[in-house]
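Undergrad: Structure provided below as structure tokens; questions to follow.
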Amino acid sequence: MSTMTLEDTERRKAWGFVAPALLWTIAFFVVPFLFMAAMSLWSRQSGQIVRAWNLDNYIAFFAKDSLFKGLVNSLEITLIVTVLSVLLAYPLAWIIAERVPKRFQRLALIMAVLPFWTSYVVRSYSWLLVLSKNGVINQTLMTLGLVSEPLEIASNRTATVIGFVHFFVMLLTLTIYANLIQLSPNYRRAAADLGANALQTFWHVILPLTLPGIMTGAFLTFVLCIGDYVTPQILGGNNELVLPQIIMLQLGRRADFPMAAALSIILMLAVTAAYVLCARWLKIERA
Amino acid sequence: MRDTLTKVASYGYAGLIYGFIFLPVAVLVLFSFQDGRLPVPPFNGFSLQWYEAVFADRKLMAALANSFMVAIVSSVIACLLGFLAAYALARYKLPGSALQRGLLIAPMTVSYLIIALGLLTVLNTFGIKLSLWTVGIGHVVINLPLCFAIIFSSMGDHHINIERAARDLGANDFKVMALVTAPMLLPSILAAFFLSVTFSWDEFIIAFLLSRFDVTLPVEIWSLLRSGLNPKTNAIGSLVFLVSVAVLAVLELTLFGRTKKS
């Protein structure tokens, strides 16, 4: 007879079940992250990584305009994209939830996110087909005789923003719609009984009630947008690099891992700051 | 009168946004059939030559197979680990379970680029060669939180009694999990699996940084992009889109359509 109680065996079994997932996360996520954080305090001198602890990389980031501008560009683009995407997606989600007949809603929603299923790399490339110098928009404008010279709409910030907004309008339509249909029609009835018109009902009742959904979607947009390398690299040209592009430059040409690590930590701090700012709206409910 | 006006405005706005959403995809698919060397207007005529070029491209076909392998294997691992962890945390009282849940979800909040870079520095330091296996490890890291969260949130307490009954009838934990819990949670396990497959299949930056000679499809497409606008890129892009939509349609009509009714 062993001295182990039934509870002990049960608990030991449970640890056995949860251990693989925990170990995987620790070994391939936590440890690499700590390793990278440590490396951001080292430096690279004449091709060798020197394990001397200092803040040189972070100081260089704030001192060198070429590096710091990356963060500024990233923040500007991400904010523009987040605001534009919310403004464009909300009315669409509202129309699907309120104006489209119930039995067509699911279809309307699936159609609204269908291009989501193109490959991520290819999606940015297809905007190149639309926006480039000999692309669809320029050729159409020239055929119509509206412009004589092709417009420069690819390879700049506008193109990056368009590519991003395209992706996030789909994502946000989905999250905002999910929020809108959860609202009980009683709220609207109550507001109408109290004499509110449609606009007042929307502004004072519907909008505040859907704010948590909007903020969750906006936060998701912020996180995915600021960390993305593909869209700005394909659509943005070489004039205004964003932080992920600069991180990739450190890895590629310069093989400066410590600098890339420091820039990644800064990228993460930006996301954390955004999280802290939206935290009071980001209450994820448990089912 | 006002009703008609708002109706027209609503549908007009919806039409504009749908147009914006579908414009690049429509252009992509249309010019994959271009009879010529540039996938931009004017459309010269209908041709399947670029699809032939895609199927004749050994590197693309190898990358397609690699992507498929990595997606399936990493998703199976992510679902299995996620399921076991969800079972333990939903059915047993473990110390620090909130902390454990937080730790398992944590990778979801970190950019893929940072996860990839962290893994790359560790792999480099220990001299581990980059391969499809290292890509798979990275994909399990990003998909495990997803699988765990989906399966954990569907493990309602109402299943406990059924599991208890199975245990009283002499089933051990593995039997309970395999024959009772998993079948009951099949819809959410499958949802987690397919979502995870899609994410892995489409993931670029981890696959790009953690692979070397054998690459996945997004990485191979990335190197195709260096040749600029090319109808072959349109063709492979359209193929990926069609396959994804077909898979989605099958799922919608079978799996999700059924769970909605029940």
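Residues in the structure tokens are named by chain (A, B, ... in the order shown) and by number from 1 within that chain; ligands are numbered from 1 in the order shown.
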Using only C-alpha atoms, find which residues of chain B lie within 7 Å of chain A and jot them down as a PyMOL selection string.
TA: chain B and resi 10+14+18+21-22+24-25+28+40-41+81-82+84-85+88+92+94+104+111+113-115+118-119+121-122+141+153+202+218+222+237+240-241+244-245
Undergrad: Please produce a file of those selected residues containing C-alpha atoms, as a tab-separated table (two decimals), in the first residue's frame.
TA:
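So again15.tsv came out as:
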```tsv
chain	number	residue	atom	x	y	z
B	10	SER	CA	-26.86	51.52	-47.09
B	14	ALA	CA	-21.99	48.15	-48.79
B	18	TYR	CA	-17.43	45.00	-51.19
B	21	ILE	CA	-12.53	44.18	-50.74
B	22	PHE	CA	-12.85	42.22	-53.97
B	24	PRO	CA	-7.44	43.08	-55.83
B	25	VAL	CA	-8.65	39.47	-55.77
B	28	LEU	CA	-5.39	38.70	-59.39
B	40	VAL	CA	-1.92	44.24	-66.01
B	41	PRO	CA	-4.40	45.74	-68.49
B	81	LEU	CA	-0.90	19.49	-26.57
B	82	GLY	CA	-3.72	22.03	-26.39
B	84	LEU	CA	-4.29	17.62	-22.97
B	85	ALA	CA	-3.59	20.95	-21.26
B	88	ALA	CA	-5.99	19.00	-17.13
B	92	TYR	CA	-8.39	19.08	-12.15
B	94	LEU	CA	-3.92	22.53	-10.06
B	104	LEU	CA	-0.18	29.12	-22.53
B	111	SER	CA	4.34	39.55	-32.96
B	113	LEU	CA	8.51	38.45	-36.03
B	114	ILE	CA	9.62	38.56	-32.40
B	115	ILE	CA	8.79	34.88	-31.80
B	118	GLY	CA	13.84	34.70	-30.43
B	119	LEU	CA	13.87	31.14	-31.78
B	121	THR	CA	18.89	33.47	-31.81
B	122	VAL	CA	18.57	30.32	-29.67
B	141	VAL	CA	4.32	27.96	-30.71
B	153	SER	CA	-13.48	27.36	-23.65
B	202	ASP	CA	-0.26	31.07	-44.74
B	218	PRO	CA	4.68	31.62	-48.88
B	222	TRP	CA	8.12	35.63	-51.81
B	237	GLY	CA	-2.05	32.98	-55.83
B	240	VAL	CA	-4.20	28.95	-53.23
B	241	PHE	CA	-7.31	31.13	-53.00
B	244	SER	CA	-8.89	27.70	-49.43
B	245	VAL	CA	-12.36	28.76	-50.50
```
Undergrad: Taking only C-alpha atoms into account, which of A:Ile214, A:Ile80, A:Leu71, A:Leu249 comes nearest A:Thr175?
TA: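 Of A:Ile214, A:Ile80, A:Leu71, A:Leu249, the one nearest A:Thr175 is A:Ile214, counting only C-alpha atoms.
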Undergrad: Have a look at atom CA of A:Gly70 and atom CA of A:Gln233 and let me know their distance in Å, one decimal.
TA: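 Distance reported for this atom pair: 13.0 Å.
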Undergrad: Report, in Å with one decimal, the straight-line distance from atom CA of B:Gly136 to atom CA of B:Val73.
TA: 7.5 Å
Undergrad: Just want the 12 Å neighbourhood of stretch 159-171 of chain B, counted on only C-alpha atoms, with same-chain residues fewer than 4 positions away dropped. Output as a tab-separated table (two decimals) with N, CA and C atoms, in the first residue's frame.
TA:
```tsv
chain	number	residue	atom	x	y	z
B	87	TYR	N	-7.77	19.73	-20.91
B	87	TYR	CA	-8.39	18.69	-20.09
B	87	TYR	C	-7.89	18.79	-18.65
B	90	ALA	N	-9.15	22.10	-17.00
B	90	ALA	CA	-10.61	22.23	-16.82
B	90	ALA	C	-11.14	21.19	-15.84
B	91	ARG	N	-10.46	20.06	-15.70
B	91	ARG	CA	-11.01	18.96	-14.91
B	91	ARG	C	-10.31	18.74	-13.57
B	92	TYR	N	-9.11	19.28	-13.40
B	92	TYR	CA	-8.39	19.08	-12.15
B	92	TYR	C	-8.10	20.43	-11.52
B	154	SER	N	-14.51	25.38	-24.68
B	154	SER	CA	-15.67	24.54	-24.98
B	154	SER	C	-15.83	23.39	-23.99
B	155	MET	N	-14.88	23.28	-23.02
B	155	MET	CA	-14.97	22.21	-22.03
B	155	MET	C	-15.90	22.62	-20.91
B	175	LYS	N	-8.70	6.55	-21.74
B	175	LYS	CA	-9.93	6.04	-22.37
B	175	LYS	C	-11.02	7.10	-22.32
B	176	VAL	N	-11.13	7.78	-21.15
B	176	VAL	CA	-12.15	8.83	-21.01
B	176	VAL	C	-11.90	9.91	-22.05
B	177	MET	N	-10.64	10.33	-22.14
B	177	MET	CA	-10.30	11.40	-23.08
B	177	MET	C	-10.59	11.00	-24.52
B	178	ALA	N	-10.13	9.79	-24.89
B	178	ALA	CA	-10.21	9.39	-26.29
B	178	ALA	C	-11.63	9.00	-26.68
B	179	LEU	N	-12.37	8.36	-25.76
B	179	LEU	CA	-13.66	7.81	-26.14
B	179	LEU	C	-14.84	8.66	-25.70
B	180	VAL	N	-14.62	9.57	-24.73
B	180	VAL	CA	-15.74	10.37	-24.24
B	180	VAL	C	-15.52	11.86	-24.50
B	181	THR	N	-14.43	12.41	-23.95
B	181	THR	CA	-14.24	13.86	-24.03
B	181	THR	C	-14.01	14.32	-25.47
B	182	ALA	N	-13.05	13.69	-26.13
B	182	ALA	CA	-12.71	14.12	-27.49
B	182	ALA	C	-13.91	14.05	-28.44
B	183	PRO	N	-14.66	12.94	-28.46
B	183	PRO	CA	-15.83	12.92	-29.36
B	183	PRO	C	-16.85	14.00	-29.03
B	184	MET	N	-17.02	14.29	-27.73
B	184	MET	CA	-17.99	15.34	-27.37
B	184	MET	C	-17.53	16.71	-27.85
B	185	LEU	N	-16.22	16.90	-27.82
B	185	LEU	CA	-15.67	18.21	-28.18
B	185	LEU	C	-15.23	18.27	-29.64
```
Undergrad: Using the chain letters and numbers from this document, which residues of stretch 6-247 of chain A does DSSP assign to helix (DSSP H, G or I), as an MDAnalysis selection string?
TA: chainID A and resid 6:39 56:63 65:98 102:112 114:117 120:131 136:143 157:180 185:193 198:226 230:235 243:247
